[in-house]
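Note sheet for the following structure.
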2 protein chains.
Amino acid sequence: MTAHEKFMRMAIALSRQNVEQGAGGPFGAVIVKNGKVVAQSANQVVAENDPTAHAEISAIRLACKQLGVYDLNGCTIYTSCEPCPMCLGAIYWAKLDAVYYANSKIDASSIGFDDNFIYEELGKQFHQRRVKMVQLLRNEALVAFKLWKDSESKTGY
Amino acid sequence: MTAHEKFMRMAIALSRQNVEQGAGGPFGAVIVKNGKVVAQSANQVVAENDPTAHAEISAIRLACKQLGVYDLNGCTIYTSCEPCPMCLGAIYWAKLDAVYYANSKIDASSIGFDDNFIYEELGKQFHQRRVKMVQLLRNEALVAFKLWKDSESKTGY
């Protein structure tokens with residue numbers, strides 16, 4: 001068994017236990033740095049009343065807390081399912097090196113999760129999306145962007 | 001001033017204060033239900049060491065905590081910038097009714113944020129993405145999906 005398989009089996013075990021224990025959806029994620037697990041989580045949406053508490057988001061938040069950073073450069077995530085757009089976005093923001101996944105977004109769709117639908121929505125023009133999107137007061141908001149651009153004391157991320 | 005403009009100006013004020021106070025990036029979000037504000041947040045990535053703590057994600061988490069739900073059906077989000085893929089994904093999972101935004105993802109790119117880059121990455125095939133993606137052990141992970149599908153006591157979300 002390779003190290004990749006070992007960590008993926010941990011993520012899969014989390015996904016399975018979550019269902020068996022009635023705690024939440026069948027998803028688990030493990031974050032590894034230098035061959036050591038730094039964080040792991042199952043999906044906690046229902047348990048925590050938090051629609052953002054997918055396994056990957058929760059594991060990223062825990063790993064950052066554990067390491068005292070907001071940048072997981074040098075880390076790899078093992079997730080029992082291909083990340084949804086929310087989680088893949090978080091993976092980019094967190095600057096993880098690599099994603100190992102097991103089930104696909106199509107597998108997730110087949111058991112009732114919206115992962116693939118959301119990927120399709122993100123590729124659409126605003127007026128074609130299910131959620132209503134309206135632009136408003138851009139000129140006023142640009143003032144804050146200019147403040148940021150001109151700031152010499154900012155911490156980029 | 002319309003109600004939409006009033007709530008957007010609150011989001012813009014949060015974005016501006018965040019820069020002025022040196023607390024973080026120029027982003028703010030407000031969530032409204034039945035004409036009342038239920039949650040508001042600025043970007044807290046650096047302040048909280050949490051790469052997922054964008055204004056929208058933080059506001060969604062606060063609104064769910066405030067209302068004791070994981071579904072924000074009936075709510076509208078006002079955000080000072082077009083949501084990135086992570087936040088737009090969260091908006092779909094949270095089932096918000098509508099998104100009012102001010103600055104665009106292109107405006108965000110122009111001051112150094114990766115929003116537009118991440119949108120482009122999500123549309124690419126896996127081997128073309130900057131982050132390495134590898135599928136592994138799907139057959140083992142499908143067992144948890146089957147458990148979920150067959151479970152009669154699950155709480156869907």
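Labels for the structure tokens follow display order: chains A, B, ..., residues from 1 in each chain, ligands from 1.
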Legend entry - Who sits within 10 Å of segment 27-41 of chain A, only C-alpha atoms, same chain under 2 positions skipped, as an MDAnalysis selection string: (chainID A and resid 3:4 7:19 24:25 43:44 53:67 72:83 96:97 99:101 103 108) or (chainID B and resid 141 144:145)
Please write out chain A, superposed on chain B by least squares over all C-alpha atoms matched in order, as a tab-separated table (two decimals) with N, CA and C atoms, in the first residue's frame.
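Contents of the output file result-v8.tsv:
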chain	number	residue	atom	x	y	z
A	1	MET	N	-33.03	56.50	-2.06
A	1	MET	CA	-32.18	55.31	-1.99
A	1	MET	C	-33.05	54.07	-1.78
A	2	THR	N	-32.90	53.08	-2.65
A	2	THR	CA	-33.69	51.86	-2.51
A	2	THR	C	-33.13	50.99	-1.38
A	3	ALA	N	-33.91	50.00	-0.97
A	3	ALA	CA	-33.43	49.07	0.06
A	3	ALA	C	-32.19	48.32	-0.45
A	4	HIS	N	-32.18	47.96	-1.73
A	4	HIS	CA	-31.01	47.27	-2.28
A	4	HIS	C	-29.76	48.14	-2.15
A	5	GLU	N	-29.93	49.42	-2.44
A	5	GLU	CA	-28.77	50.33	-2.34
A	5	GLU	C	-28.33	50.48	-0.88
A	6	LYS	N	-29.29	50.54	0.02
A	6	LYS	CA	-28.95	50.68	1.44
A	6	LYS	C	-28.09	49.50	1.92
A	7	PHE	N	-28.53	48.29	1.59
A	7	PHE	CA	-27.78	47.11	2.05
A	7	PHE	C	-26.42	47.02	1.34
A	8	MET	N	-26.38	47.39	0.06
A	8	MET	CA	-25.10	47.34	-0.65
A	8	MET	C	-24.14	48.36	-0.06
A	9	ARG	N	-24.66	49.52	0.33
A	9	ARG	CA	-23.75	50.53	0.94
A	9	ARG	C	-23.21	50.03	2.27
A	10	MET	N	-23.98	49.20	2.99
A	10	MET	CA	-23.45	48.60	4.22
A	10	MET	C	-22.29	47.65	3.88
A	11	ALA	N	-22.48	46.85	2.84
A	11	ALA	CA	-21.42	45.91	2.43
A	11	ALA	C	-20.17	46.67	1.99
A	12	ILE	N	-20.39	47.74	1.24
A	12	ILE	CA	-19.25	48.55	0.76
A	12	ILE	C	-18.54	49.22	1.94
A	13	ALA	N	-19.31	49.69	2.91
A	13	ALA	CA	-18.70	50.31	4.10
A	13	ALA	C	-17.82	49.29	4.83
A	14	LEU	N	-18.28	48.06	4.94
A	14	LEU	CA	-17.47	47.00	5.57
A	14	LEU	C	-16.17	46.78	4.80
A	15	SER	N	-16.25	46.79	3.49
A	15	SER	CA	-15.05	46.55	2.66
A	15	SER	C	-14.04	47.68	2.86
A	16	ARG	N	-14.57	48.89	2.96
A	16	ARG	CA	-13.69	50.07	3.10
A	16	ARG	C	-13.05	50.11	4.49
A	17	GLN	N	-13.88	49.87	5.51
A	17	GLN	CA	-13.36	49.88	6.89
A	17	GLN	C	-12.29	48.82	7.08
A	18	ASN	N	-12.45	47.68	6.42
A	18	ASN	CA	-11.48	46.59	6.59
A	18	ASN	C	-10.08	47.03	6.16
A	19	VAL	N	-10.04	47.80	5.07
A	19	VAL	CA	-8.75	48.30	4.58
A	19	VAL	C	-8.26	49.42	5.50
A	20	GLU	N	-9.15	50.35	5.82
A	20	GLU	CA	-8.75	51.50	6.65
A	20	GLU	C	-8.22	51.06	8.01
A	21	GLN	N	-8.80	49.99	8.54
A	21	GLN	CA	-8.38	49.51	9.86
A	21	GLN	C	-7.21	48.51	9.77
A	22	GLY	N	-6.77	48.23	8.54
A	22	GLY	CA	-5.67	47.28	8.37
A	22	GLY	C	-6.04	45.86	8.78
A	23	ALA	N	-7.34	45.57	8.73
A	23	ALA	CA	-7.81	44.26	9.20
A	23	ALA	C	-7.76	43.18	8.12
A	24	GLY	N	-7.85	43.60	6.85
A	24	GLY	CA	-7.87	42.59	5.79
A	24	GLY	C	-8.28	43.17	4.45
A	25	GLY	N	-8.60	42.28	3.52
A	25	GLY	CA	-8.91	42.66	2.14
A	25	GLY	C	-10.19	43.48	2.02
A	26	PRO	N	-10.33	44.17	0.88
A	26	PRO	CA	-11.43	45.12	0.66
A	26	PRO	C	-12.74	44.47	0.24
A	27	PHE	N	-13.27	43.65	1.11
A	27	PHE	CA	-14.48	42.91	0.79
A	27	PHE	C	-15.43	42.89	1.98
A	28	GLY	N	-16.73	43.10	1.72
A	28	GLY	CA	-17.74	43.05	2.76
A	28	GLY	C	-19.00	42.41	2.24
A	29	ALA	N	-19.76	41.78	3.12
A	29	ALA	CA	-21.02	41.13	2.71
A	29	ALA	C	-22.06	41.25	3.81
A	30	VAL	N	-23.31	41.38	3.37
A	30	VAL	CA	-24.45	41.51	4.28
A	30	VAL	C	-25.54	40.55	3.83
A	31	ILE	N	-26.13	39.80	4.75
A	31	ILE	CA	-27.24	38.89	4.41
A	31	ILE	C	-28.52	39.41	5.03
A	32	VAL	N	-29.56	39.46	4.19
A	32	VAL	CA	-30.83	40.09	4.57
A	32	VAL	C	-31.97	39.09	4.41
A	33	LYS	N	-32.86	39.05	5.40
A	33	LYS	CA	-34.08	38.24	5.29
A	33	LYS	C	-35.27	39.10	5.68
A	34	ASN	N	-36.29	39.10	4.87
A	34	ASN	CA	-37.50	39.89	5.13
A	34	ASN	C	-37.17	41.34	5.49
A	35	GLY	N	-36.22	41.92	4.77
A	35	GLY	CA	-35.89	43.33	4.96
A	35	GLY	C	-35.02	43.63	6.17
A	36	LYS	N	-34.57	42.59	6.86
A	36	LYS	CA	-33.72	42.81	8.04
A	36	LYS	C	-32.36	42.13	7.87
A	37	VAL	N	-31.31	42.81	8.34
A	37	VAL	CA	-29.96	42.24	8.28
A	37	VAL	C	-29.86	41.12	9.31
A	38	VAL	N	-29.45	39.92	8.85
A	38	VAL	CA	-29.25	38.82	9.80
A	38	VAL	C	-27.78	38.53	10.06
A	39	ALA	N	-26.91	38.97	9.14
A	39	ALA	CA	-25.47	38.76	9.37
A	39	ALA	C	-24.68	39.68	8.46
A	40	GLN	N	-23.49	40.05	8.91
A	40	GLN	CA	-22.59	40.84	8.07
A	40	GLN	C	-21.16	40.51	8.44
A	41	SER	N	-20.28	40.60	7.45
A	41	SER	CA	-18.86	40.32	7.73
A	41	SER	C	-17.99	40.98	6.68
A	42	ALA	N	-16.79	41.37	7.11
A	42	ALA	CA	-15.74	41.73	6.16
A	42	ALA	C	-14.88	40.50	5.93
A	43	ASN	N	-13.96	40.58	5.01
A	43	ASN	CA	-13.00	39.50	4.78
A	43	ASN	C	-12.11	39.34	6.02
A	44	GLN	N	-11.94	38.08	6.46
A	44	GLN	CA	-11.18	37.82	7.69
A	44	GLN	C	-10.04	36.82	7.48
A	45	VAL	N	-9.60	36.66	6.24
A	45	VAL	CA	-8.58	35.64	5.93
A	45	VAL	C	-7.34	35.82	6.78
A	46	VAL	N	-6.79	37.02	6.79
A	46	VAL	CA	-5.54	37.26	7.52
A	46	VAL	C	-5.80	37.35	9.03
A	47	ALA	N	-6.87	38.04	9.39
A	47	ALA	CA	-7.18	38.22	10.82
A	47	ALA	C	-7.43	36.89	11.52
A	48	GLU	N	-8.05	35.94	10.80
A	48	GLU	CA	-8.41	34.66	11.40
A	48	GLU	C	-7.50	33.51	10.96
A	49	ASN	N	-6.46	33.79	10.18
A	49	ASN	CA	-5.65	32.70	9.62
A	49	ASN	C	-6.54	31.63	8.99
A	50	ASP	N	-7.44	32.07	8.11
A	50	ASP	CA	-8.41	31.14	7.52
A	50	ASP	C	-8.66	31.54	6.07
A	51	PRO	N	-8.08	30.78	5.12
A	51	PRO	CA	-8.21	31.15	3.70
A	51	PRO	C	-9.65	31.04	3.19
A	52	THR	N	-10.52	30.41	3.97
A	52	THR	CA	-11.93	30.31	3.55
A	52	THR	C	-12.77	31.46	4.11
A	53	ALA	N	-12.16	32.33	4.92
A	53	ALA	CA	-12.95	33.37	5.60
A	53	ALA	C	-13.15	34.61	4.73
A	54	HIS	N	-13.62	34.38	3.49
A	54	HIS	CA	-14.05	35.50	2.66
A	54	HIS	C	-15.30	36.10	3.29
A	55	ALA	N	-15.61	37.34	2.90
A	55	ALA	CA	-16.76	38.03	3.50
A	55	ALA	C	-18.04	37.21	3.34
A	56	GLU	N	-18.25	36.64	2.15
A	56	GLU	CA	-19.50	35.92	1.90
A	56	GLU	C	-19.59	34.64	2.74
A	57	ILE	N	-18.49	33.87	2.77
A	57	ILE	CA	-18.49	32.62	3.56
A	57	ILE	C	-18.73	32.95	5.03
A	58	SER	N	-18.04	33.97	5.53
A	58	SER	CA	-18.19	34.31	6.95
A	58	SER	C	-19.60	34.79	7.24
A	59	ALA	N	-20.18	35.57	6.33
A	59	ALA	CA	-21.56	36.05	6.54
A	59	ALA	C	-22.54	34.88	6.49
A	60	ILE	N	-22.33	33.94	5.58
A	60	ILE	CA	-23.22	32.76	5.50
A	60	ILE	C	-23.13	31.95	6.79
A	61	ARG	N	-21.93	31.73	7.28
A	61	ARG	CA	-21.77	30.96	8.52
A	61	ARG	C	-22.46	31.67	9.69
A	62	LEU	N	-22.28	32.99	9.75
A	62	LEU	CA	-22.92	33.76	10.82
A	62	LEU	C	-24.44	33.73	10.71
A	63	ALA	N	-24.96	33.87	9.50
A	63	ALA	CA	-26.41	33.88	9.30
A	63	ALA	C	-27.02	32.54	9.72
A	64	CYS	N	-26.34	31.46	9.36
A	64	CYS	CA	-26.85	30.12	9.73
A	64	CYS	C	-26.83	29.94	11.24
A	65	LYS	N	-25.78	30.45	11.87
A	65	LYS	CA	-25.68	30.36	13.33
A	65	LYS	C	-26.81	31.18	13.97
A	66	GLN	N	-27.01	32.37	13.43
A	66	GLN	CA	-28.03	33.28	13.94
A	66	GLN	C	-29.43	32.68	13.81
A	67	LEU	N	-29.71	32.05	12.67
A	67	LEU	CA	-31.05	31.54	12.39
A	67	LEU	C	-31.21	30.07	12.80
A	68	GLY	N	-30.09	29.40	13.13
A	68	GLY	CA	-30.17	27.99	13.54
A	68	GLY	C	-30.55	27.06	12.40
A	69	VAL	N	-30.05	27.37	11.19
A	69	VAL	CA	-30.40	26.58	10.01
A	69	VAL	C	-29.14	26.37	9.16
A	70	TYR	N	-29.24	25.41	8.19
A	70	TYR	CA	-28.13	25.30	7.23
A	70	TYR	C	-28.63	25.59	5.82
A	71	ASP	N	-29.75	26.26	5.75
A	71	ASP	CA	-30.40	26.57	4.48
A	71	ASP	C	-30.94	28.00	4.55
A	72	LEU	N	-30.37	28.89	3.73
A	72	LEU	CA	-30.74	30.31	3.80
A	72	LEU	C	-31.75	30.68	2.71
A	73	ASN	N	-32.58	29.75	2.36
A	73	ASN	CA	-33.70	30.01	1.47
A	73	ASN	C	-34.48	31.22	2.01
A	74	GLY	N	-34.82	32.16	1.12
A	74	GLY	CA	-35.53	33.36	1.57
A	74	GLY	C	-34.60	34.52	1.90
A	75	CYS	N	-33.32	34.29	1.83
A	75	CYS	CA	-32.33	35.34	2.13
A	75	CYS	C	-31.66	35.84	0.86
A	76	THR	N	-31.19	37.09	0.92
A	76	THR	CA	-30.41	37.71	-0.16
A	76	THR	C	-29.06	38.14	0.39
A	77	ILE	N	-28.00	37.98	-0.43
A	77	ILE	CA	-26.68	38.46	-0.02
A	77	ILE	C	-26.28	39.67	-0.85
A	78	TYR	N	-25.78	40.68	-0.16
A	78	TYR	CA	-25.22	41.87	-0.79
A	78	TYR	C	-23.73	41.82	-0.55
A	79	THR	N	-22.94	41.75	-1.63
A	79	THR	CA	-21.50	41.65	-1.47
A	79	THR	C	-20.80	42.72	-2.29
A	80	SER	N	-19.76	43.29	-1.71
A	80	SER	CA	-19.09	44.41	-2.37
A	80	SER	C	-18.34	43.98	-3.62
A	81	CYS	N	-18.19	42.67	-3.82
A	81	CYS	CA	-17.53	42.17	-5.03
A	81	CYS	C	-18.19	40.88	-5.49
A	82	GLU	N	-18.25	40.68	-6.79
A	82	GLU	CA	-18.76	39.42	-7.36
A	82	GLU	C	-18.11	38.24	-6.62
A	83	PRO	N	-18.89	37.28	-6.16
A	83	PRO	CA	-18.32	36.16	-5.41
A	83	PRO	C	-17.33	35.35	-6.25
A	84	CYS	N	-16.26	34.90	-5.60
A	84	CYS	CA	-15.31	33.98	-6.26
A	84	CYS	C	-15.99	32.61	-6.34
A	85	PRO	N	-15.38	31.63	-7.02
A	85	PRO	CA	-16.02	30.30	-7.13
A	85	PRO	C	-16.29	29.66	-5.77
A	86	MET	N	-15.39	29.84	-4.82
A	86	MET	CA	-15.64	29.27	-3.49
A	86	MET	C	-16.93	29.85	-2.90
A	87	CYS	N	-17.04	31.18	-2.96
A	87	CYS	CA	-18.19	31.83	-2.34
A	87	CYS	C	-19.47	31.60	-3.13
A	88	LEU	N	-19.38	31.58	-4.47
A	88	LEU	CA	-20.58	31.32	-5.26
A	88	LEU	C	-21.05	29.89	-5.02
A	89	GLY	N	-20.10	28.97	-4.89
A	89	GLY	CA	-20.47	27.60	-4.53
A	89	GLY	C	-21.20	27.57	-3.20
A	90	ALA	N	-20.68	28.29	-2.22
A	90	ALA	CA	-21.33	28.34	-0.90
A	90	ALA	C	-22.73	28.94	-1.00
A	91	ILE	N	-22.89	29.92	-1.87
A	91	ILE	CA	-24.21	30.57	-2.06
A	91	ILE	C	-25.22	29.56	-2.61
A	92	TYR	N	-24.76	28.70	-3.52
A	92	TYR	CA	-25.65	27.64	-4.03
A	92	TYR	C	-25.98	26.62	-2.94
A	93	TRP	N	-24.94	26.17	-2.21
A	93	TRP	CA	-25.20	25.19	-1.15
A	93	TRP	C	-26.14	25.76	-0.09
A	94	ALA	N	-26.00	27.07	0.20
A	94	ALA	CA	-26.83	27.70	1.24
A	94	ALA	C	-28.22	28.06	0.71
A	95	LYS	N	-28.41	27.92	-0.61
A	95	LYS	CA	-29.71	28.16	-1.24
A	95	LYS	C	-30.22	29.58	-1.06
A	96	LEU	N	-29.30	30.54	-1.11
A	96	LEU	CA	-29.70	31.96	-1.08
A	96	LEU	C	-30.53	32.29	-2.33
A	97	ASP	N	-31.47	33.24	-2.18
A	97	ASP	CA	-32.34	33.58	-3.31
A	97	ASP	C	-31.65	34.43	-4.38
A	98	ALA	N	-30.82	35.37	-3.93
A	98	ALA	CA	-30.27	36.34	-4.88
A	98	ALA	C	-28.96	36.91	-4.38
A	99	VAL	N	-28.15	37.36	-5.35
A	99	VAL	CA	-26.84	37.95	-5.07
A	99	VAL	C	-26.80	39.34	-5.70
A	100	TYR	N	-26.61	40.36	-4.89
A	100	TYR	CA	-26.32	41.70	-5.40
A	100	TYR	C	-24.83	41.94	-5.17
A	101	TYR	N	-24.12	42.34	-6.22
A	101	TYR	CA	-22.67	42.55	-6.11
A	101	TYR	C	-22.31	43.89	-6.73
A	102	ALA	N	-21.15	44.43	-6.34
A	102	ALA	CA	-20.74	45.75	-6.86
A	102	ALA	C	-19.52	45.60	-7.78
A	103	ASN	N	-18.32	45.45	-7.22
A	103	ASN	CA	-17.16	45.21	-8.08
A	103	ASN	C	-17.27	43.85	-8.77
A	104	SER	N	-16.56	43.71	-9.91
A	104	SER	CA	-16.58	42.44	-10.64
A	104	SER	C	-15.32	41.63	-10.37
A	105	LYS	N	-15.32	40.36	-10.82
A	105	LYS	CA	-14.13	39.53	-10.65
A	105	LYS	C	-12.95	40.11	-11.42
A	106	ILE	N	-13.23	40.85	-12.50
A	106	ILE	CA	-12.14	41.50	-13.26
A	106	ILE	C	-11.56	42.65	-12.44
A	107	ASP	N	-12.44	43.39	-11.77
A	107	ASP	CA	-11.96	44.44	-10.86
A	107	ASP	C	-11.07	43.82	-9.78
A	108	ALA	N	-11.47	42.67	-9.25
A	108	ALA	CA	-10.68	42.01	-8.19
A	108	ALA	C	-9.32	41.58	-8.74
A	109	SER	N	-9.31	41.04	-9.95
A	109	SER	CA	-8.03	40.66	-10.57
A	109	SER	C	-7.10	41.85	-10.70
A	110	SER	N	-7.68	43.00	-11.01
A	110	SER	CA	-6.85	44.18	-11.28
A	110	SER	C	-6.16	44.71	-10.02
A	111	ILE	N	-6.62	44.27	-8.84
A	111	ILE	CA	-5.91	44.67	-7.62
A	111	ILE	C	-5.23	43.45	-6.98
A	112	GLY	N	-5.05	42.38	-7.76
A	112	GLY	CA	-4.18	41.30	-7.30
A	112	GLY	C	-4.85	40.07	-6.71
A	113	PHE	N	-6.17	39.95	-6.86
A	113	PHE	CA	-6.85	38.76	-6.32
A	113	PHE	C	-7.14	37.75	-7.45
A	114	ASP	N	-7.11	36.45	-7.09
A	114	ASP	CA	-7.13	35.36	-8.07
A	114	ASP	C	-8.52	34.93	-8.55
A	115	ASP	N	-9.55	35.69	-8.21
A	115	ASP	CA	-10.92	35.27	-8.51
A	115	ASP	C	-11.10	34.79	-9.95
A	116	ASN	N	-10.69	35.61	-10.91
A	116	ASN	CA	-10.92	35.26	-12.31
A	116	ASN	C	-10.07	34.06	-12.72
A	117	PHE	N	-8.85	34.00	-12.22
A	117	PHE	CA	-7.97	32.85	-12.50
A	117	PHE	C	-8.63	31.55	-12.03
A	118	ILE	N	-9.22	31.58	-10.84
A	118	ILE	CA	-9.84	30.36	-10.31
A	118	ILE	C	-11.06	29.97	-11.15
A	119	TYR	N	-11.86	30.97	-11.57
A	119	TYR	CA	-12.97	30.64	-12.49
A	119	TYR	C	-12.44	29.93	-13.73
A	120	GLU	N	-11.34	30.40	-14.28
A	120	GLU	CA	-10.78	29.78	-15.49
A	120	GLU	C	-10.29	28.36	-15.19
A	121	GLU	N	-9.65	28.19	-14.04
A	121	GLU	CA	-9.14	26.86	-13.68
A	121	GLU	C	-10.27	25.84	-13.59
A	122	LEU	N	-11.40	26.23	-12.99
A	122	LEU	CA	-12.51	25.29	-12.80
A	122	LEU	C	-13.08	24.79	-14.12
A	123	GLY	N	-12.93	25.59	-15.17
A	123	GLY	CA	-13.44	25.20	-16.48
A	123	GLY	C	-12.49	24.30	-17.25
A	124	LYS	N	-11.28	24.10	-16.73
A	124	LYS	CA	-10.27	23.32	-17.46
A	124	LYS	C	-10.37	21.82	-17.14
A	125	GLN	N	-9.81	21.02	-18.03
A	125	GLN	CA	-9.66	19.59	-17.74
A	125	GLN	C	-8.59	19.42	-16.66
A	126	PHE	N	-8.70	18.34	-15.92
A	126	PHE	CA	-7.82	18.17	-14.74
A	126	PHE	C	-6.34	18.32	-15.07
A	127	HIS	N	-5.89	17.72	-16.17
A	127	HIS	CA	-4.45	17.73	-16.46
A	127	HIS	C	-3.96	19.12	-16.86
A	128	GLN	N	-4.90	20.04	-17.16
A	128	GLN	CA	-4.50	21.40	-17.54
A	128	GLN	C	-4.48	22.35	-16.35
A	129	ARG	N	-4.97	21.88	-15.19
A	129	ARG	CA	-5.06	22.79	-14.04
A	129	ARG	C	-3.71	22.98	-13.35
A	130	ARG	N	-3.56	24.12	-12.66
A	130	ARG	CA	-2.31	24.36	-11.95
A	130	ARG	C	-2.15	23.41	-10.79
A	131	VAL	N	-3.26	23.11	-10.07
A	131	VAL	CA	-3.18	22.17	-8.95
A	131	VAL	C	-3.24	20.75	-9.51
A	132	LYS	N	-2.37	19.90	-8.99
A	132	LYS	CA	-2.33	18.51	-9.44
A	132	LYS	C	-3.55	17.75	-8.93
A	133	MET	N	-4.24	17.01	-9.81
A	133	MET	CA	-5.42	16.25	-9.39
A	133	MET	C	-5.30	14.80	-9.84
A	134	VAL	N	-5.43	13.88	-8.89
A	134	VAL	CA	-5.25	12.46	-9.18
A	134	VAL	C	-6.39	11.64	-8.58
A	135	GLN	N	-7.03	10.80	-9.40
A	135	GLN	CA	-8.09	9.93	-8.87
A	135	GLN	C	-7.50	8.62	-8.35
A	136	LEU	N	-8.06	8.15	-7.23
A	136	LEU	CA	-7.47	7.00	-6.52
A	136	LEU	C	-8.57	6.27	-5.75
A	137	LEU	N	-8.61	4.96	-5.81
A	137	LEU	CA	-9.47	4.11	-4.96
A	137	LEU	C	-10.96	4.42	-5.05
A	138	ARG	N	-11.43	4.79	-6.24
A	138	ARG	CA	-12.87	5.11	-6.38
A	138	ARG	C	-13.76	3.95	-5.92
A	139	ASN	N	-13.38	2.72	-6.27
A	139	ASN	CA	-14.24	1.59	-5.91
A	139	ASN	C	-14.43	1.46	-4.41
A	140	GLU	N	-13.39	1.77	-3.65
A	140	GLU	CA	-13.52	1.70	-2.18
A	140	GLU	C	-14.40	2.84	-1.66
A	141	ALA	N	-14.28	4.01	-2.25
A	141	ALA	CA	-15.06	5.17	-1.79
A	141	ALA	C	-16.54	5.03	-2.13
A	142	LEU	N	-16.83	4.33	-3.20
A	142	LEU	CA	-18.24	4.17	-3.61
A	142	LEU	C	-19.06	3.43	-2.56
A	143	VAL	N	-18.39	2.65	-1.72
A	143	VAL	CA	-19.10	1.92	-0.67
A	143	VAL	C	-19.85	2.89	0.25
A	144	ALA	N	-19.19	4.01	0.61
A	144	ALA	CA	-19.84	4.99	1.48
A	144	ALA	C	-21.02	5.67	0.77
A	145	PHE	N	-20.86	5.89	-0.54
A	145	PHE	CA	-21.96	6.51	-1.30
A	145	PHE	C	-23.17	5.57	-1.34
A	146	LYS	N	-22.88	4.27	-1.47
A	146	LYS	CA	-23.99	3.31	-1.50
A	146	LYS	C	-24.68	3.25	-0.13
A	147	LEU	N	-23.88	3.29	0.92
A	147	LEU	CA	-24.44	3.33	2.29
A	147	LEU	C	-25.40	4.51	2.43
A	148	TRP	N	-24.96	5.68	1.94
A	148	TRP	CA	-25.78	6.90	2.02
A	148	TRP	C	-27.07	6.74	1.21
A	149	LYS	N	-26.91	6.24	0.00
A	149	LYS	CA	-28.07	6.09	-0.89
A	149	LYS	C	-29.11	5.16	-0.25
A	150	ASP	N	-28.63	4.10	0.39
A	150	ASP	CA	-29.53	3.09	0.95
A	150	ASP	C	-30.04	3.45	2.34
A	151	SER	N	-29.45	4.48	2.97
A	151	SER	CA	-29.84	4.83	4.34
A	151	SER	C	-31.25	5.40	4.37
A	152	GLU	N	-32.04	4.94	5.31
A	152	GLU	CA	-33.42	5.48	5.39
A	152	GLU	C	-33.52	6.56	6.47
A	153	SER	N	-32.44	6.78	7.23
A	153	SER	CA	-32.51	7.75	8.32
A	153	SER	C	-31.70	9.01	8.03
A	154	LYS	N	-31.21	9.16	6.81
A	154	LYS	CA	-30.32	10.29	6.52
A	154	LYS	C	-31.07	11.62	6.46
A	155	THR	N	-30.32	12.71	6.78
A	155	THR	CA	-30.84	14.07	6.62
A	155	THR	C	-30.21	14.68	5.37
A	156	GLY	N	-30.98	14.85	4.32
A	156	GLY	CA	-30.45	15.44	3.10
A	156	GLY	C	-30.15	16.92	3.28
A	157	TYR	N	-29.27	17.47	2.44
A	157	TYR	CA	-28.95	18.91	2.54
A	157	TYR	C	-28.51	19.44	1.18
Inset, instruction - Per DSSP on the backbone, filter segment 8-142 of chain A down to the residues in helix (DSSP H, G or I) and report them as a PyMOL selection string. - result: chain A and resi 8-20+55-67+85-93+105-110+115-122+126-128+138-142
